[in-house]
Amino acid sequence: MHTVAAVLQWAFLVVGFAVLGAALVSSVRMKLAGAGFGKVVEHLEDRWFGAGPVLLALLAGTLAMTGAGRLSGHAVGIDQAALVVFPLALVAAFAVRRLTAGGGSGTAVRASGLVIAPALLGAVMSAAG
């Protein structure tokens with residue numbers, strides 16, 4: 001279980017930084033093309049991820065990680081849990097934004113992608129120690 005948790009942490013860390021890097025490159029390209037700061041922020045929220053979904057996924061994963069840590073005897077502080085879950089929250093918000101862009105079943109995808117998946121993965125990471 002510990003190996004699974006370590007692989008998940010590293011995978012989400014790498015993918016999270018890749019998403020951040022791609023969003024940064026996209027923003028710099030827009031800014032160099034002459035777009036204003038407001039347009040760049042709108043582009044980030046429309047195409048990449050918004051602050052609200054990231055915060056929701058971060059809160060769900062952090063609460064699950066600290067709760068599972070207390071139940072399993074591996075106490076995890078809220079600051080440590082937030083640092084571990086943050087890349088997961090970025091990836092979850094990006095995935096939900098891309099999956100709901102077509103206008104499909106938005107509510108089910110948002111609920112599972114922003115609440116259920118981060119909570120389950122946060123609990124697995126904490127329970128593994």
# chains A, B, ... in the order shown; residues from 1 in each chain; ligands from 1
$ residues_around --residues "Leu13 (chain A)" --least-positions-apart "3" --cutoff "8 Å" --atoms "only C-alpha atoms" --output "list in words"
Gln9, Trp10, Gly16, Phe17, Pro87 and Leu88 of chain A
$ write_last_selection --atoms "N, CA, C and O atoms" --output "compact mmCIF listing (two decimals), in the first residue's frame"
# COMPACT_ATOMS: atom_id res chain seq x y z
N GLN A 9 1.57 9.76 -5.39
CA GLN A 9 2.08 11.09 -5.05
C GLN A 9 3.01 11.62 -6.14
O GLN A 9 2.87 12.76 -6.58
N TRP A 10 3.94 10.80 -6.58
CA TRP A 10 4.88 11.25 -7.60
C TRP A 10 4.20 11.47 -8.95
O TRP A 10 4.53 12.40 -9.68
N GLY A 16 0.85 17.39 -12.21
CA GLY A 16 0.45 18.72 -11.72
C GLY A 16 1.41 19.81 -12.19
O GLY A 16 0.98 20.87 -12.65
N PHE A 17 2.71 19.54 -12.10
CA PHE A 17 3.68 20.52 -12.59
C PHE A 17 3.63 20.65 -14.10
O PHE A 17 3.86 21.74 -14.64
N PRO A 87 -1.13 19.06 -5.83
CA PRO A 87 -1.00 18.65 -7.24
C PRO A 87 -2.19 17.82 -7.71
O PRO A 87 -2.63 17.93 -8.86
N LEU A 88 -2.74 17.00 -6.83
CA LEU A 88 -3.93 16.22 -7.16
C LEU A 88 -5.10 17.15 -7.46
O LEU A 88 -5.87 16.92 -8.39
$ residues_around --residues "Ala22 (chain A)" --least-positions-apart "3" --cutoff "12 Å" --atoms "only C-alpha atoms" --output "mmCIF file with N, CA and C atoms, in the first residue's frame"
data_model
loop_
_atom_site.group_PDB
_atom_site.id
_atom_site.type_symbol
_atom_site.label_atom_id
_atom_site.label_comp_id
_atom_site.auth_asym_id
_atom_site.auth_seq_id
_atom_site.Cartn_x
_atom_site.Cartn_y
_atom_site.Cartn_z
ATOM 1 N N VAL A 15 2.453 15.276 -13.047
ATOM 2 C CA VAL A 15 1.368 15.743 -13.922
ATOM 3 C C VAL A 15 0.905 17.129 -13.502
ATOM 4 N N GLY A 16 0.848 17.392 -12.205
ATOM 5 C CA GLY A 16 0.454 18.724 -11.720
ATOM 6 C C GLY A 16 1.408 19.806 -12.190
ATOM 7 N N PHE A 17 2.713 19.540 -12.103
ATOM 8 C CA PHE A 17 3.679 20.519 -12.590
ATOM 9 C C PHE A 17 3.625 20.653 -14.104
ATOM 10 N N ALA A 18 3.320 19.578 -14.809
ATOM 11 C CA ALA A 18 3.182 19.658 -16.263
ATOM 12 C C ALA A 18 1.990 20.538 -16.638
ATOM 13 N N VAL A 19 0.880 20.386 -15.934
ATOM 14 C CA VAL A 19 -0.298 21.225 -16.194
ATOM 15 C C VAL A 19 0.013 22.682 -15.871
ATOM 16 N N VAL A 25 2.989 28.603 -19.947
ATOM 17 C CA VAL A 25 3.420 28.864 -21.329
ATOM 18 C C VAL A 25 2.282 29.483 -22.125
ATOM 19 N N SER A 26 1.080 28.956 -21.962
ATOM 20 C CA SER A 26 -0.076 29.499 -22.666
ATOM 21 C C SER A 26 -0.346 30.948 -22.255
ATOM 22 N N SER A 27 -0.212 31.231 -20.970
ATOM 23 C CA SER A 27 -0.447 32.592 -20.481
ATOM 24 C C SER A 27 0.610 33.568 -20.988
ATOM 25 N N VAL A 28 1.857 33.149 -20.975
ATOM 26 C CA VAL A 28 2.936 34.015 -21.460
ATOM 27 C C VAL A 28 2.765 34.282 -22.951
ATOM 28 N N ARG A 29 2.373 33.270 -23.709
ATOM 29 C CA ARG A 29 2.131 33.472 -25.145
ATOM 30 C C ARG A 29 1.024 34.497 -25.383
ATOM 31 N N LEU A 44 -7.132 31.360 -18.596
ATOM 32 C CA LEU A 44 -6.737 30.317 -17.647
ATOM 33 C C LEU A 44 -7.956 29.628 -17.044
ATOM 34 N N ARG A 47 -9.914 27.667 -20.065
ATOM 35 C CA ARG A 47 -9.240 26.560 -20.737
ATOM 36 C C ARG A 47 -8.539 25.598 -19.782
ATOM 37 N N TRP A 48 -7.967 26.090 -18.694
ATOM 38 C CA TRP A 48 -7.131 25.254 -17.852
ATOM 39 C C TRP A 48 -7.837 24.844 -16.579
ATOM 40 N N PHE A 49 -7.968 25.727 -15.636
ATOM 41 C CA PHE A 49 -8.621 25.413 -14.364
ATOM 42 C C PHE A 49 -8.971 26.713 -13.664
ATOM 43 N N PHE A 94 -8.235 20.389 -13.712
ATOM 44 C CA PHE A 94 -7.954 20.394 -15.143
ATOM 45 C C PHE A 94 -8.754 19.313 -15.858
#
$ residues_around --residues "Ile78 (chain A)" --least-positions-apart "4" --cutoff "7 Å" --atoms "only C-alpha atoms" --output "PyMOL selection string"
chain A and resi 62+66+82
$ closest_residue --among "A:His2, A:Ala23, A:Ser126, A:Phe37" --to "Gly73 (chain A)" --atoms "only C-alpha atoms"
A:Ser126
$ closest_atom_pairs --of "region 15-58 of chain A" --to "region 101-122 of chain A" --cutoff "12 Å" --atoms "only C-alpha atoms" --output "Markdown table"
| residue | atom | partner | partner_atom | distance |
| --- | --- | --- | --- | --- |
| A:Glu45 | CA | A:Ala101 | CA | 11.8 |
| A:Asp46 | CA | A:Ala101 | CA | 8.9 |
| A:Arg47 | CA | A:Ala101 | CA | 8.7 |
| A:Trp48 | CA | A:Ala101 | CA | 10.6 |
| A:Phe49 | CA | A:Ala101 | CA | 11.3 |
| A:Gly50 | CA | A:Leu114 | CA | 11.9 |
| A:Gly52 | CA | A:Leu114 | CA | 10.1 |
| A:Pro53 | CA | A:Leu114 | CA | 6.6 |
| A:Val54 | CA | A:Leu114 | CA | 7.8 |
| A:Leu55 | CA | A:Leu114 | CA | 9.1 |
| A:Leu56 | CA | A:Leu114 | CA | 6.4 |
| A:Ala57 | CA | A:Leu114 | CA | 4.6 |
| A:Leu58 | CA | A:Pro118 | CA | 7.5 |
$ write_last_selection --atoms "N, CA and C atoms" --output "PDB file, in the first residue's frame"
ATOM      1  N   GLU A  45      -8.954  30.410 -16.660  1.00  0.00           N
ATOM      2  CA  GLU A  45     -10.142  29.819 -16.042  1.00  0.00           C
ATOM      3  C   GLU A  45     -10.994  29.064 -17.052  1.00  0.00           C
ATOM      4  N   ASP A  46     -11.060  29.524 -18.282  1.00  0.00           N
ATOM      5  CA  ASP A  46     -11.880  28.850 -19.291  1.00  0.00           C
ATOM      6  C   ASP A  46     -11.206  27.599 -19.843  1.00  0.00           C
ATOM      7  N   ARG A  47      -9.914  27.667 -20.065  1.00  0.00           N
ATOM      8  CA  ARG A  47      -9.240  26.560 -20.737  1.00  0.00           C
ATOM      9  C   ARG A  47      -8.539  25.598 -19.782  1.00  0.00           C
ATOM     10  N   TRP A  48      -7.967  26.090 -18.694  1.00  0.00           N
ATOM     11  CA  TRP A  48      -7.131  25.254 -17.852  1.00  0.00           C
ATOM     12  C   TRP A  48      -7.837  24.844 -16.579  1.00  0.00           C
ATOM     13  N   PHE A  49      -7.968  25.727 -15.636  1.00  0.00           N
ATOM     14  CA  PHE A  49      -8.621  25.413 -14.364  1.00  0.00           C
ATOM     15  C   PHE A  49      -8.971  26.713 -13.664  1.00  0.00           C
ATOM     16  N   GLY A  50     -10.046  26.669 -12.888  1.00  0.00           N
ATOM     17  CA  GLY A  50     -10.453  27.823 -12.103  1.00  0.00           C
ATOM     18  C   GLY A  50     -10.049  27.648 -10.646  1.00  0.00           C
ATOM     19  N   GLY A  52     -11.974  28.013  -7.982  1.00  0.00           N
ATOM     20  CA  GLY A  52     -13.007  27.315  -7.213  1.00  0.00           C
ATOM     21  C   GLY A  52     -12.885  25.800  -7.247  1.00  0.00           C
ATOM     22  N   PRO A  53     -12.779  25.204  -8.433  1.00  0.00           N
ATOM     23  CA  PRO A  53     -12.614  23.747  -8.483  1.00  0.00           C
ATOM     24  C   PRO A  53     -11.333  23.251  -7.817  1.00  0.00           C
ATOM     25  N   VAL A  54     -10.252  24.009  -7.956  1.00  0.00           N
ATOM     26  CA  VAL A  54      -8.998  23.608  -7.302  1.00  0.00           C
ATOM     27  C   VAL A  54      -9.178  23.626  -5.790  1.00  0.00           C
ATOM     28  N   LEU A  55      -9.825  24.671  -5.278  1.00  0.00           N
ATOM     29  CA  LEU A  55     -10.041  24.773  -3.833  1.00  0.00           C
ATOM     30  C   LEU A  55     -10.947  23.662  -3.324  1.00  0.00           C
ATOM     31  N   LEU A  56     -12.012  23.348  -4.059  1.00  0.00           N
ATOM     32  CA  LEU A  56     -12.916  22.279  -3.651  1.00  0.00           C
ATOM     33  C   LEU A  56     -12.196  20.934  -3.606  1.00  0.00           C
ATOM     34  N   ALA A  57     -11.420  20.624  -4.636  1.00  0.00           N
ATOM     35  CA  ALA A  57     -10.668  19.363  -4.659  1.00  0.00           C
ATOM     36  C   ALA A  57      -9.613  19.341  -3.563  1.00  0.00           C
ATOM     37  N   LEU A  58      -8.977  20.478  -3.308  1.00  0.00           N
ATOM     38  CA  LEU A  58      -7.972  20.557  -2.253  1.00  0.00           C
ATOM     39  C   LEU A  58      -8.593  20.320  -0.885  1.00  0.00           C
TER      40      LEU A  58
END
$ select_by_dssp --residues "chain A" --states "helix (DSSP H, G or I)" --output "ChimeraX atom specification"
/A:2-32,37-48,51-72,78-99,106-127
$ write_last_selection --atoms "C-alpha atoms" --output "tab-separated table (two decimals), in the first residue's frame"
chain	number	residue	atom	x	y	z
A	2	HIS	CA	2.91	2.31	0.75
A	3	THR	CA	4.31	1.78	-2.75
A	4	VAL	CA	0.94	2.61	-4.31
A	5	ALA	CA	0.72	5.82	-2.28
A	6	ALA	CA	4.26	6.84	-3.22
A	7	VAL	CA	3.62	6.18	-6.92
A	8	LEU	CA	0.37	8.17	-6.77
A	9	GLN	CA	2.08	11.09	-5.05
A	10	TRP	CA	4.88	11.25	-7.60
A	11	ALA	CA	2.55	10.76	-10.55
A	12	PHE	CA	0.27	13.58	-9.49
A	13	LEU	CA	3.25	15.79	-8.66
A	14	VAL	CA	4.72	15.33	-12.14
A	15	VAL	CA	1.37	15.74	-13.92
A	16	GLY	CA	0.45	18.72	-11.72
A	17	PHE	CA	3.68	20.52	-12.59
A	18	ALA	CA	3.18	19.66	-16.26
A	19	VAL	CA	-0.30	21.22	-16.19
A	20	LEU	CA	1.06	24.30	-14.39
A	21	GLY	CA	3.89	24.60	-16.90
A	22	ALA	CA	1.55	24.31	-19.88
A	23	ALA	CA	-0.80	26.90	-18.38
A	24	LEU	CA	2.14	29.23	-17.75
A	25	VAL	CA	3.42	28.86	-21.33
A	26	SER	CA	-0.08	29.50	-22.67
A	27	SER	CA	-0.45	32.59	-20.48
A	28	VAL	CA	2.94	34.02	-21.46
A	29	ARG	CA	2.13	33.47	-25.15
A	30	MET	CA	-1.14	35.35	-24.75
A	31	LYS	CA	0.55	38.19	-22.86
A	32	LEU	CA	3.30	38.48	-25.48
A	37	PHE	CA	-4.11	40.68	-17.79
A	38	GLY	CA	-7.89	40.18	-17.50
A	39	LYS	CA	-8.02	38.25	-20.78
A	40	VAL	CA	-5.14	36.05	-19.65
A	41	VAL	CA	-6.94	35.22	-16.40
A	42	GLU	CA	-10.18	34.48	-18.27
A	43	HIS	CA	-8.22	32.20	-20.61
A	44	LEU	CA	-6.74	30.32	-17.65
A	45	GLU	CA	-10.14	29.82	-16.04
A	46	ASP	CA	-11.88	28.85	-19.29
A	47	ARG	CA	-9.24	26.56	-20.74
A	48	TRP	CA	-7.13	25.25	-17.85
A	51	ALA	CA	-9.70	28.69	-8.51
A	52	GLY	CA	-13.01	27.32	-7.21
A	53	PRO	CA	-12.61	23.75	-8.48
A	54	VAL	CA	-9.00	23.61	-7.30
A	55	LEU	CA	-10.04	24.77	-3.83
A	56	LEU	CA	-12.92	22.28	-3.65
A	57	ALA	CA	-10.67	19.36	-4.66
A	58	LEU	CA	-7.97	20.56	-2.25
A	59	LEU	CA	-10.40	20.74	0.65
A	60	ALA	CA	-11.96	17.34	-0.08
A	61	GLY	CA	-8.60	15.62	-0.41
A	62	THR	CA	-7.10	17.33	2.64
A	63	LEU	CA	-10.03	16.50	4.87
A	64	ALA	CA	-10.03	12.88	3.75
A	65	MET	CA	-6.28	12.59	4.19
A	66	THR	CA	-6.28	14.02	7.72
A	67	GLY	CA	-9.35	11.97	8.68
A	68	ALA	CA	-7.92	8.72	7.35
A	69	GLY	CA	-4.61	9.51	9.01
A	70	ARG	CA	-6.28	9.90	12.39
A	71	LEU	CA	-8.29	6.70	11.94
A	72	SER	CA	-5.31	4.63	10.80
A	78	ILE	CA	-3.37	19.68	7.76
A	79	ASP	CA	-0.42	21.59	6.31
A	80	GLN	CA	1.33	18.40	5.22
A	81	ALA	CA	-1.90	17.02	3.77
A	82	ALA	CA	-2.52	20.21	1.78
A	83	LEU	CA	0.97	20.06	0.29
A	84	VAL	CA	0.51	16.45	-0.76
A	85	VAL	CA	-3.01	16.95	-2.16
A	86	PHE	CA	-2.39	20.24	-4.03
A	87	PRO	CA	-1.00	18.65	-7.24
A	88	LEU	CA	-3.93	16.22	-7.16
A	89	ALA	CA	-6.32	19.17	-6.91
A	90	LEU	CA	-4.74	20.85	-9.94
A	91	VAL	CA	-4.96	17.68	-12.02
A	92	ALA	CA	-8.56	17.04	-10.89
A	93	ALA	CA	-9.66	20.60	-11.74
A	94	PHE	CA	-7.95	20.39	-15.14
A	95	ALA	CA	-9.52	17.02	-15.92
A	96	VAL	CA	-12.98	18.15	-14.88
A	97	ARG	CA	-12.64	21.33	-16.96
A	98	ARG	CA	-11.69	19.29	-20.03
A	99	LEU	CA	-14.36	16.62	-19.52
A	106	GLY	CA	-21.35	18.08	-15.92
A	107	THR	CA	-22.74	17.49	-12.44
A	108	ALA	CA	-21.74	13.85	-12.16
A	109	VAL	CA	-18.27	14.53	-13.55
A	110	ARG	CA	-17.75	17.51	-11.25
A	111	ALA	CA	-18.91	15.62	-8.16
A	112	SER	CA	-16.77	12.59	-8.85
A	113	GLY	CA	-13.74	14.51	-10.11
A	114	LEU	CA	-13.63	17.29	-7.54
A	115	VAL	CA	-14.92	15.56	-4.40
A	116	ILE	CA	-14.95	11.78	-4.58
A	117	ALA	CA	-11.65	11.12	-6.39
A	118	PRO	CA	-9.53	13.54	-4.30
A	119	ALA	CA	-11.11	12.22	-1.10
A	120	LEU	CA	-10.41	8.60	-2.01
A	121	LEU	CA	-6.88	9.27	-3.18
A	122	GLY	CA	-6.14	11.44	-0.13
A	123	ALA	CA	-7.38	8.67	2.15
A	124	VAL	CA	-5.25	6.06	0.34
A	125	MET	CA	-2.16	8.25	0.59
A	126	SER	CA	-2.68	8.82	4.28
A	127	ALA	CA	-3.64	5.26	5.21
